[in-house]
>>> print(open('coords15.pdb').read())   # PDB, C-alpha atoms, pLDDT in the B column
ATOM      1  CA  MET A   1      -5.521  37.277  54.139  1.00 86.00           C
ATOM      2  CA  SER A   2      -4.854  36.466  57.784  1.00 93.00           C
ATOM      3  CA  GLU A   3      -5.296  38.894  60.655  1.00 94.00           C
ATOM      4  CA  GLN A   4      -1.531  39.046  61.142  1.00 94.00           C
ATOM      5  CA  GLU A   5      -1.024  40.013  57.499  1.00 95.00           C
ATOM      6  CA  LYS A   6      -3.622  42.772  57.878  1.00 94.00           C
ATOM      7  CA  ILE A   7      -1.866  44.053  60.997  1.00 96.00           C
ATOM      8  CA  ASN A   8       1.479  44.038  59.176  1.00 96.00           C
ATOM      9  CA  ILE A   9       0.033  45.962  56.214  1.00 97.00           C
ATOM     10  CA  ARG A  10      -1.510  48.573  58.533  1.00 97.00           C
ATOM     11  CA  ALA A  11       1.800  48.963  60.350  1.00 97.00           C
ATOM     12  CA  LYS A  12       3.636  49.509  57.047  1.00 97.00           C
ATOM     13  CA  LEU A  13       1.034  52.040  55.935  1.00 97.00           C
ATOM     14  CA  ASN A  14       1.236  53.938  59.226  1.00 97.00           C
ATOM     15  CA  GLU A  15       5.032  53.992  59.089  1.00 97.00           C
ATOM     16  CA  GLY A  16       4.945  55.256  55.501  1.00 97.00           C
ATOM     17  CA  LEU A  17       2.488  58.019  56.405  1.00 97.00           C
ATOM     18  CA  LYS A  18       4.633  59.122  59.359  1.00 94.00           C
ATOM     19  CA  LYS A  19       7.740  59.180  57.176  1.00 96.00           C
ATOM     20  CA  SER A  20       5.949  61.136  54.447  1.00 97.00           C
ATOM     21  CA  TYR A  21       4.605  63.685  56.935  1.00 95.00           C
ATOM     22  CA  ASP A  22       8.046  64.099  58.488  1.00 95.00           C
ATOM     23  CA  THR A  23       9.606  64.667  55.055  1.00 97.00           C
ATOM     24  CA  LEU A  24       6.941  67.236  54.150  1.00 97.00           C
ATOM     25  CA  LEU A  25       7.336  69.054  57.464  1.00 97.00           C
ATOM     26  CA  ARG A  26      11.127  69.202  57.194  1.00 97.00           C
ATOM     27  CA  ARG A  27      10.969  70.430  53.589  1.00 97.00           C
ATOM     28  CA  LYS A  28       8.476  73.177  54.434  1.00 97.00           C
ATOM     29  CA  ALA A  29      10.520  74.204  57.491  1.00 97.00           C
ATOM     30  CA  ALA A  30      13.677  74.438  55.369  1.00 97.00           C
ATOM     31  CA  LEU A  31      11.848  76.655  52.874  1.00 97.00           C
ATOM     32  CA  GLY A  32      10.341  78.855  55.601  1.00 97.00           C
ATOM     33  CA  GLN A  33       6.790  77.865  54.699  1.00 97.00           C
ATOM     34  CA  ASP A  34       3.669  77.359  56.808  1.00 97.00           C
ATOM     35  CA  MET A  35       1.547  74.291  57.484  1.00 96.00           C
ATOM     36  CA  VAL A  36      -2.221  74.201  57.865  1.00 96.00           C
ATOM     37  CA  ILE A  37      -3.355  71.957  60.723  1.00 94.00           C
ATOM     38  CA  ALA A  38      -6.608  71.374  62.572  1.00 95.00           C
ATOM     39  CA  GLY A  39      -7.007  73.139  65.906  1.00 92.00           C
ATOM     40  CA  ASP A  40      -8.709  71.759  69.002  1.00 93.00           C
ATOM     41  CA  ASN A  41     -12.106  72.769  67.657  1.00 94.00           C
ATOM     42  CA  GLY A  42     -11.409  71.311  64.201  1.00 93.00           C
ATOM     43  CA  GLN A  43     -10.905  74.679  62.546  1.00 96.00           C
ATOM     44  CA  PRO A  44      -7.852  75.159  60.314  1.00 97.00           C
ATOM     45  CA  ILE A  45      -4.858  76.968  61.787  1.00 96.00           C
ATOM     46  CA  VAL A  46      -1.821  78.259  59.877  1.00 97.00           C
ATOM     47  CA  VAL A  47       1.393  77.481  61.770  1.00 96.00           C
ATOM     48  CA  SER A  48       5.034  77.995  60.864  1.00 97.00           C
ATOM     49  CA  ALA A  49       6.495  74.656  59.785  1.00 97.00           C
ATOM     50  CA  SER A  50       9.646  75.473  61.772  1.00 96.00           C
ATOM     51  CA  ASP A  51       7.609  75.955  64.961  1.00 95.00           C
ATOM     52  CA  LEU A  52       5.658  72.774  64.321  1.00 95.00           C
ATOM     53  CA  LEU A  53       8.853  70.798  63.682  1.00 95.00           C
ATOM     54  CA  ALA A  54      10.470  72.131  66.862  1.00 94.00           C
ATOM     55  CA  LYS A  55       7.384  71.219  68.894  1.00 93.00           C
ATOM     56  CA  ARG A  56       7.239  67.758  67.346  1.00 91.00           C
ATOM     57  CA  GLU A  57      10.933  67.084  68.021  1.00 90.00           C
ATOM     58  CA  LYS A  58      10.539  68.288  71.609  1.00 91.00           C
ATOM     59  CA  GLU A  59       7.595  65.910  72.132  1.00 88.00           C
ATOM     60  CA  ASN A  60       9.506  63.029  70.515  1.00 84.00           C
ATOM     61  CA  ASN A  61      12.451  63.657  72.846  1.00 86.00           C
ATOM     62  CA  LYS A  62      10.134  63.445  75.861  1.00 82.00           C
ATOM     63  CA  VAL A  63       8.785  60.077  74.705  1.00 73.00           C
ATOM     64  CA  ASN A  64      12.219  58.626  73.939  1.00 65.00           C
TER      65      ASN A  64
END
>>> encode(input="coords15.pdb", output="structure tokens")
Amino acid sequence: MSEQEKINIRAKLNEGLKKSYDTLLRRKAALGQDMVIAGDNGQPIVVSASDLLAKREKENNKVN
């Protein structure tokens, strides 16, 4: 397997993971559920999926 093929596979995997995470986050937000994420110190934090989705969309709008 060439280096380019490895890069392409990693890119597909990363895109799939991002899509899966986005789907999970949107589903949990629609159901009014929470997400557990790691805080700055690595400790788990429970956050509203709606709040997390809003923050993520705001950050994505800044980048685009």
>>> atom_distance(input="coords15.pdb", atom1="CA of Gly42 (chain A)", atom2="CA of Ile7 (chain A)")
29.1 Å
>>> atom_distance(input="coords15.pdb", atom1="CA of Lys62 (chain A)", atom2="CA of Gln43 (chain A)")
27.3 Å
>>> atom_distance(input="coords15.pdb", atom1="CA of Ile37 (chain A)", atom2="CA of Thr23 (chain A)")
15.9 Å
>>> resolve_selection(input="coords15.pdb", expression="the PyMOL selection byres ((chain A and resi 51-60) around 9)", output="ChimeraX atom specification")
/A:22,25-26,29,35,47-50,61-64
>>> axis_aligned_box(input="coords15.pdb", around="region 12-28 of chain A", padding_each_side="6 Å", output="lines of an AutoDock Vina configuration file")
center_x = 6.1
center_y = 61.3
center_z = 56.5
size_x = 22.1
size_y = 35.7
size_z = 17.8
